[in-house]
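Presented below is the structure to which this report refers.
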Amino acid sequence: MNAPRTRPRTRRPRALAALIALPFLVLTACGSGDTGDTAAAGANASPAPTDDPVAAVHRVDSVAALLPAAVRESGTLKVGSAIGAPPGAYYPNGPDKAPAGQDIDLADAVAKVLGVELRRQDASFETILPALGSGKYDFGTGNFGVTTTRLKTIDFVTYIDDGQGFAVKKGSTTLKKRITDLTQLCGLTIGTGAGTTFETTLAARKDVCAKAGKKPYDVKVFSENAATLTALQQGRVDVIMSTTNGLRYQAAQPASGTTFLGEYHRLDVGFTFKKGSPLTEAFRAAVDELIKDGAYARILDKWGTTGSAIDGSRINPPEHE
């Protein structure tokens, strides 16, 4: 018997409507900061692929049995979802319609394996992790990278292997090759999202330019994906830093006007839970079930992210060196 269909999300922050004008930016650049002008680029939302690899996914009793009894009885889980841009999670038909993306499909597929219904609530990226501890959400999605710092307070169940990367405005002469060392950014202004691993990486390495005898780089954080791309196109930032998959997808869209400069650092990405959550083993087994039956590969193929496939899910792996 199939699990009930996932319900539409229960809340859409009004500010997220601005993302529709510029859907091609990376999916985790959400946070507090300068919002800028979100209407400059004027790109239309990317249509979602029409195939539905989640439709054939069914409940697996042996995996569902790993859930706590209270969850099996209620048949529901609350998920906080950061909705940003393809291929992770975005609004292909506007903010008053259902979201789509790799994160949406994978969460829905896991829910079907577990035989539960998801109650999705849209939330800004930087608010999801703190809300897990309060019980507001049972788990979170938003291309959350596994880091040593986050592992101190959050449990992860991995589902892809993504990374950190950089992109510039198409035709830029400031940077032309892959960023392999942050000293290549000295003297430049970098745009990224608050509360992300990108902001953390840039802050932790902010002394590299001084050590190299160069002018330091400046970092600007933004509250919306659209604002970051607008800042790049208007020349208020020289380069943007975000997810490898998001930047690669964005650069493939002619309307985005960006060039992907390659990957800088790999990160495991996973569903997030409060520390000590009793849900992690069930989610790990559900992801492994999707990998085994081929649904996982079909979802990643749908969103063009097969290069980020994993062989098996893990609970709280160490951060990549």
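Note on naming: chains are A, B, ... as they come in the structure tokens, residues start from 1 per chain, ligands start from 1 in the order shown.
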
How close does stretch 259-319 of chain A get to stretch 112-115 of chain A? List, as a tab-separated table, each residue of stretch 259-319 of chain A within 8 Å, its nearest atom pair and the distance in Å to one decimal, counting only C-alpha atoms.
```
residue	atom	partner	partner_atom	distance
A:Ala282	CA	A:Leu114	CA	7.6
A:Ala286	CA	A:Val113	CA	6.0
A:Glu289	CA	A:Val113	CA	7.8
```

Give me every alpha helix (DSSP H) residue in stretch 267-311 of chain A, going by DSSP on the backbone, as a list in words.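 Going through stretch 267-311 of chain A, the alpha helix (DSSP H) residues come out as Thr280, Glu281, Ala282, Phe283, Arg284, Ala285, Ala286, Val287, Asp288, Glu289, Leu290, Ile291, Lys292, Asp293, Ala295, Tyr296, Ala297, Arg298, Ile299, Leu300, Asp301, Lys302 and Trp303 of chain A.
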
Could you take the residues named above and write them with N, CA and C atoms, as a PDB file, in the first residue's frame?
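result_3.pdb, freshly written:
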```pdb
ATOM      1  N   THR A 280      17.173   8.870  12.752  1.00  0.00           N
ATOM      2  CA  THR A 280      18.284   8.802  11.808  1.00  0.00           C
ATOM      3  C   THR A 280      18.479   7.419  11.191  1.00  0.00           C
ATOM      4  N   GLU A 281      18.351   6.359  11.985  1.00  0.00           N
ATOM      5  CA  GLU A 281      18.572   5.018  11.437  1.00  0.00           C
ATOM      6  C   GLU A 281      17.518   4.670  10.387  1.00  0.00           C
ATOM      7  N   ALA A 282      16.280   5.075  10.612  1.00  0.00           N
ATOM      8  CA  ALA A 282      15.225   4.816   9.630  1.00  0.00           C
ATOM      9  C   ALA A 282      15.479   5.580   8.340  1.00  0.00           C
ATOM     10  N   PHE A 283      15.915   6.812   8.446  1.00  0.00           N
ATOM     11  CA  PHE A 283      16.201   7.609   7.253  1.00  0.00           C
ATOM     12  C   PHE A 283      17.397   7.036   6.496  1.00  0.00           C
ATOM     13  N   ARG A 284      18.438   6.619   7.227  1.00  0.00           N
ATOM     14  CA  ARG A 284      19.590   6.018   6.549  1.00  0.00           C
ATOM     15  C   ARG A 284      19.168   4.774   5.767  1.00  0.00           C
ATOM     16  N   ALA A 285      18.379   3.936   6.397  1.00  0.00           N
ATOM     17  CA  ALA A 285      17.916   2.713   5.733  1.00  0.00           C
ATOM     18  C   ALA A 285      17.020   3.032   4.539  1.00  0.00           C
ATOM     19  N   ALA A 286      16.227   4.095   4.650  1.00  0.00           N
ATOM     20  CA  ALA A 286      15.342   4.479   3.547  1.00  0.00           C
ATOM     21  C   ALA A 286      16.144   4.973   2.348  1.00  0.00           C
ATOM     22  N   VAL A 287      17.172   5.782   2.606  1.00  0.00           N
ATOM     23  CA  VAL A 287      18.023   6.240   1.494  1.00  0.00           C
ATOM     24  C   VAL A 287      18.704   5.048   0.836  1.00  0.00           C
ATOM     25  N   ASP A 288      19.217   4.120   1.639  1.00  0.00           N
ATOM     26  CA  ASP A 288      19.864   2.929   1.078  1.00  0.00           C
ATOM     27  C   ASP A 288      18.882   2.102   0.259  1.00  0.00           C
ATOM     28  N   GLU A 289      17.635   2.039   0.693  1.00  0.00           N
ATOM     29  CA  GLU A 289      16.613   1.314  -0.070  1.00  0.00           C
ATOM     30  C   GLU A 289      16.390   1.973  -1.431  1.00  0.00           C
ATOM     31  N   LEU A 290      16.358   3.294  -1.448  1.00  0.00           N
ATOM     32  CA  LEU A 290      16.185   4.016  -2.711  1.00  0.00           C
ATOM     33  C   LEU A 290      17.378   3.791  -3.648  1.00  0.00           C
ATOM     34  N   ILE A 291      18.571   3.743  -3.065  1.00  0.00           N
ATOM     35  CA  ILE A 291      19.760   3.464  -3.874  1.00  0.00           C
ATOM     36  C   ILE A 291      19.676   2.051  -4.458  1.00  0.00           C
ATOM     37  N   LYS A 292      19.271   1.091  -3.634  1.00  0.00           N
ATOM     38  CA  LYS A 292      19.210  -0.311  -4.062  1.00  0.00           C
ATOM     39  C   LYS A 292      18.184  -0.539  -5.165  1.00  0.00           C
ATOM     40  N   ASP A 293      17.012   0.102  -5.060  1.00  0.00           N
ATOM     41  CA  ASP A 293      15.968  -0.178  -6.056  1.00  0.00           C
ATOM     42  C   ASP A 293      16.037   0.719  -7.291  1.00  0.00           C
ATOM     43  N   ALA A 295      15.550   4.013  -7.580  1.00  0.00           N
ATOM     44  CA  ALA A 295      14.805   5.281  -7.555  1.00  0.00           C
ATOM     45  C   ALA A 295      15.749   6.451  -7.302  1.00  0.00           C
ATOM     46  N   TYR A 296      16.744   6.237  -6.471  1.00  0.00           N
ATOM     47  CA  TYR A 296      17.727   7.281  -6.157  1.00  0.00           C
ATOM     48  C   TYR A 296      18.435   7.760  -7.422  1.00  0.00           C
ATOM     49  N   ALA A 297      18.919   6.821  -8.224  1.00  0.00           N
ATOM     50  CA  ALA A 297      19.620   7.181  -9.464  1.00  0.00           C
ATOM     51  C   ALA A 297      18.697   7.915 -10.417  1.00  0.00           C
ATOM     52  N   ARG A 298      17.438   7.505 -10.466  1.00  0.00           N
ATOM     53  CA  ARG A 298      16.485   8.167 -11.370  1.00  0.00           C
ATOM     54  C   ARG A 298      16.199   9.601 -10.917  1.00  0.00           C
ATOM     55  N   ILE A 299      16.137   9.832  -9.620  1.00  0.00           N
ATOM     56  CA  ILE A 299      15.919  11.193  -9.111  1.00  0.00           C
ATOM     57  C   ILE A 299      17.104  12.085  -9.456  1.00  0.00           C
ATOM     58  N   LEU A 300      18.317  11.604  -9.222  1.00  0.00           N
ATOM     59  CA  LEU A 300      19.495  12.414  -9.532  1.00  0.00           C
ATOM     60  C   LEU A 300      19.632  12.648 -11.028  1.00  0.00           C
ATOM     61  N   ASP A 301      19.278  11.646 -11.821  1.00  0.00           N
ATOM     62  CA  ASP A 301      19.320  11.824 -13.273  1.00  0.00           C
ATOM     63  C   ASP A 301      18.322  12.887 -13.715  1.00  0.00           C
ATOM     64  N   LYS A 302      17.162  12.908 -13.095  1.00  0.00           N
ATOM     65  CA  LYS A 302      16.135  13.909 -13.413  1.00  0.00           C
ATOM     66  C   LYS A 302      16.664  15.321 -13.212  1.00  0.00           C
ATOM     67  N   TRP A 303      17.466  15.523 -12.165  1.00  0.00           N
ATOM     68  CA  TRP A 303      17.928  16.867 -11.822  1.00  0.00           C
ATOM     69  C   TRP A 303      19.366  17.132 -12.250  1.00  0.00           C
TER      70      TRP A 303
END
```

Using only C-alpha atoms, which residues of stretch 261-299 of chain A come within 10 Å of stretch 127-134 of chain A, and what is the closest atom pair for each, with the distance in Å to one decimal? Give it as JSON lines, sorted by chain and residue number.
```
{"residue": "A:Thr272", "atom": "CA", "partner": "A:Leu129", "partner_atom": "CA", "distance": 7.4}
{"residue": "A:Phe273", "atom": "CA", "partner": "A:Leu132", "partner_atom": "CA", "distance": 6.2}
{"residue": "A:Lys274", "atom": "CA", "partner": "A:Gly133", "partner_atom": "CA", "distance": 5.1}
{"residue": "A:Lys275", "atom": "CA", "partner": "A:Gly133", "partner_atom": "CA", "distance": 7.6}
{"residue": "A:Ser277", "atom": "CA", "partner": "A:Gly133", "partner_atom": "CA", "distance": 9.6}
```

Include C-alpha atoms and write out the residues we just selected as a CSV table (one decimal), in the first residue's frame.
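Written out: out.csv:
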```
chain,number,residue,atom,x,y,z
A,272,THR,CA,19.3,17.3,9.4
A,273,PHE,CA,18.0,16.3,12.8
A,274,LYS,CA,18.3,17.4,16.4
A,275,LYS,CA,21.1,15.7,18.2
A,277,SER,CA,17.1,12.0,17.1
```

Contact residues around A:Ser81 with only C-alpha atoms at 7 Å, ignoring same-chain residues under 2 positions, as a PyMOL selection string: chain A and resi 79+83+120-123+140-142

Counting only C-alpha atoms, give me one row per residue of stretch 39-131 of chain A with an atom at most 12 Å from an atom of stretch 257-271 of chain A, showing the shortest contact pair and its distance in Å to one decimal, sorted by chain then residue number, as a Markdown table.
```
| residue | atom | partner | partner_atom | distance |
| --- | --- | --- | --- | --- |
| A:Ala41 | CA | A:Gly257 | CA | 8.9 |
| A:Gly42 | CA | A:Gly257 | CA | 11.3 |
| A:Ala43 | CA | A:Gly257 | CA | 9.9 |
| A:Val79 | CA | A:Phe271 | CA | 9.7 |
| A:Gly80 | CA | A:Phe271 | CA | 10.2 |
| A:Ser81 | CA | A:Phe271 | CA | 10.2 |
| A:Ala82 | CA | A:Phe271 | CA | 11.7 |
| A:Gly88 | CA | A:Val269 | CA | 11.3 |
| A:Asp103 | CA | A:Phe271 | CA | 9.1 |
| A:Ile104 | CA | A:Phe271 | CA | 11.3 |
| A:Leu106 | CA | A:Phe271 | CA | 9.8 |
| A:Ala107 | CA | A:Phe271 | CA | 8.4 |
| A:Val110 | CA | A:Phe271 | CA | 10.6 |
| A:Ile128 | CA | A:Phe271 | CA | 11.2 |
| A:Leu129 | CA | A:Phe271 | CA | 10.6 |
```

Could the residues in this selection be saved with N, CA and C atoms as a JSON list (two decimals), in the first residue's frame?
```json
[["chain", "number", "residue", "atom", "x", "y", "z"],
["A", 41, "ALA", "N", 17.76, 41.10, -12.96],
["A", 41, "ALA", "CA", 18.06, 40.17, -14.04],
["A", 41, "ALA", "C", 16.85, 39.76, -14.84],
["A", 42, "GLY", "N", 15.71, 39.59, -14.19],
["A", 42, "GLY", "CA", 14.47, 39.32, -14.89],
["A", 42, "GLY", "C", 14.37, 38.00, -15.60],
["A", 43, "ALA", "N", 15.07, 36.96, -15.14],
["A", 43, "ALA", "CA", 14.96, 35.66, -15.76],
["A", 43, "ALA", "C", 13.65, 34.99, -15.35],
["A", 79, "VAL", "N", 8.69, 18.62, 8.22],
["A", 79, "VAL", "CA", 9.97, 18.93, 7.60],
["A", 79, "VAL", "C", 10.07, 20.43, 7.32],
["A", 80, "GLY", "N", 11.18, 21.02, 7.74],
["A", 80, "GLY", "CA", 11.48, 22.40, 7.40],
["A", 80, "GLY", "C", 12.30, 22.42, 6.13],
["A", 81, "SER", "N", 11.80, 23.07, 5.09],
["A", 81, "SER", "CA", 12.45, 23.06, 3.78],
["A", 81, "SER", "C", 12.91, 24.46, 3.39],
["A", 82, "ALA", "N", 14.19, 24.58, 3.06],
["A", 82, "ALA", "CA", 14.70, 25.83, 2.49],
["A", 82, "ALA", "C", 14.51, 25.76, 0.98],
["A", 88, "GLY", "N", 18.20, 22.04, -6.38],
["A", 88, "GLY", "CA", 17.87, 21.58, -5.04],
["A", 88, "GLY", "C", 16.40, 21.69, -4.70],
["A", 103, "ASP", "N", 15.96, 17.97, -3.62],
["A", 103, "ASP", "CA", 15.68, 17.81, -2.19],
["A", 103, "ASP", "C", 14.22, 17.43, -1.94],
["A", 104, "ILE", "N", 13.32, 18.01, -2.74],
["A", 104, "ILE", "CA", 11.90, 17.70, -2.60],
["A", 104, "ILE", "C", 11.64, 16.24, -2.96],
["A", 106, "LEU", "N", 13.76, 13.67, -3.09],
["A", 106, "LEU", "CA", 14.39, 12.71, -2.19],
["A", 106, "LEU", "C", 13.65, 12.62, -0.86],
["A", 107, "ALA", "N", 13.21, 13.75, -0.33],
["A", 107, "ALA", "CA", 12.45, 13.72, 0.93],
["A", 107, "ALA", "C", 11.12, 12.99, 0.74],
["A", 110, "VAL", "N", 11.81, 9.19, 0.45],
["A", 110, "VAL", "CA", 12.10, 8.61, 1.76],
["A", 110, "VAL", "C", 10.80, 8.44, 2.55],
["A", 128, "ILE", "N", 16.46, 26.90, 10.03],
["A", 128, "ILE", "CA", 16.04, 25.50, 10.15],
["A", 128, "ILE", "C", 16.82, 24.75, 11.22],
["A", 129, "LEU", "N", 18.13, 24.86, 11.22],
["A", 129, "LEU", "CA", 18.92, 24.09, 12.19],
["A", 129, "LEU", "C", 18.58, 24.45, 13.64]]
```

Skipping near chain neighbours, those fewer than 6 positions away, what residues fall within 12 Å of A:Thr174 using only C-alpha atoms, listed as a compact mmCIF listing (two decimals) with C-alpha atoms, in the first residue's frame?
```txt
# COMPACT_ATOMS: atom_id res chain seq x y z
CA ALA A 167 30.97 31.55 -10.28
CA VAL A 168 31.48 34.91 -11.98
CA GLN A 184 43.12 34.07 -5.75
CA LEU A 185 40.26 36.10 -4.25
CA CYS A 186 42.42 38.69 -2.52
CA GLY A 187 41.24 42.22 -3.22
CA LEU A 188 37.87 41.02 -4.53
CA THR A 189 34.32 41.15 -3.15
CA GLY A 235 29.14 44.57 -10.31
CA VAL A 237 30.35 41.63 -6.03
CA ASP A 238 33.06 40.10 -8.21
CA VAL A 239 32.35 36.44 -7.56
CA THR A 259 30.28 31.18 -15.64
CA LEU A 261 34.65 28.32 -12.00
```

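With distances taken over only C-alpha atoms, A:Pro278 is the one residue among A:Gly135, A:Pro99, A:Pro278, A:Gly213 lying closest to A:Leu67.
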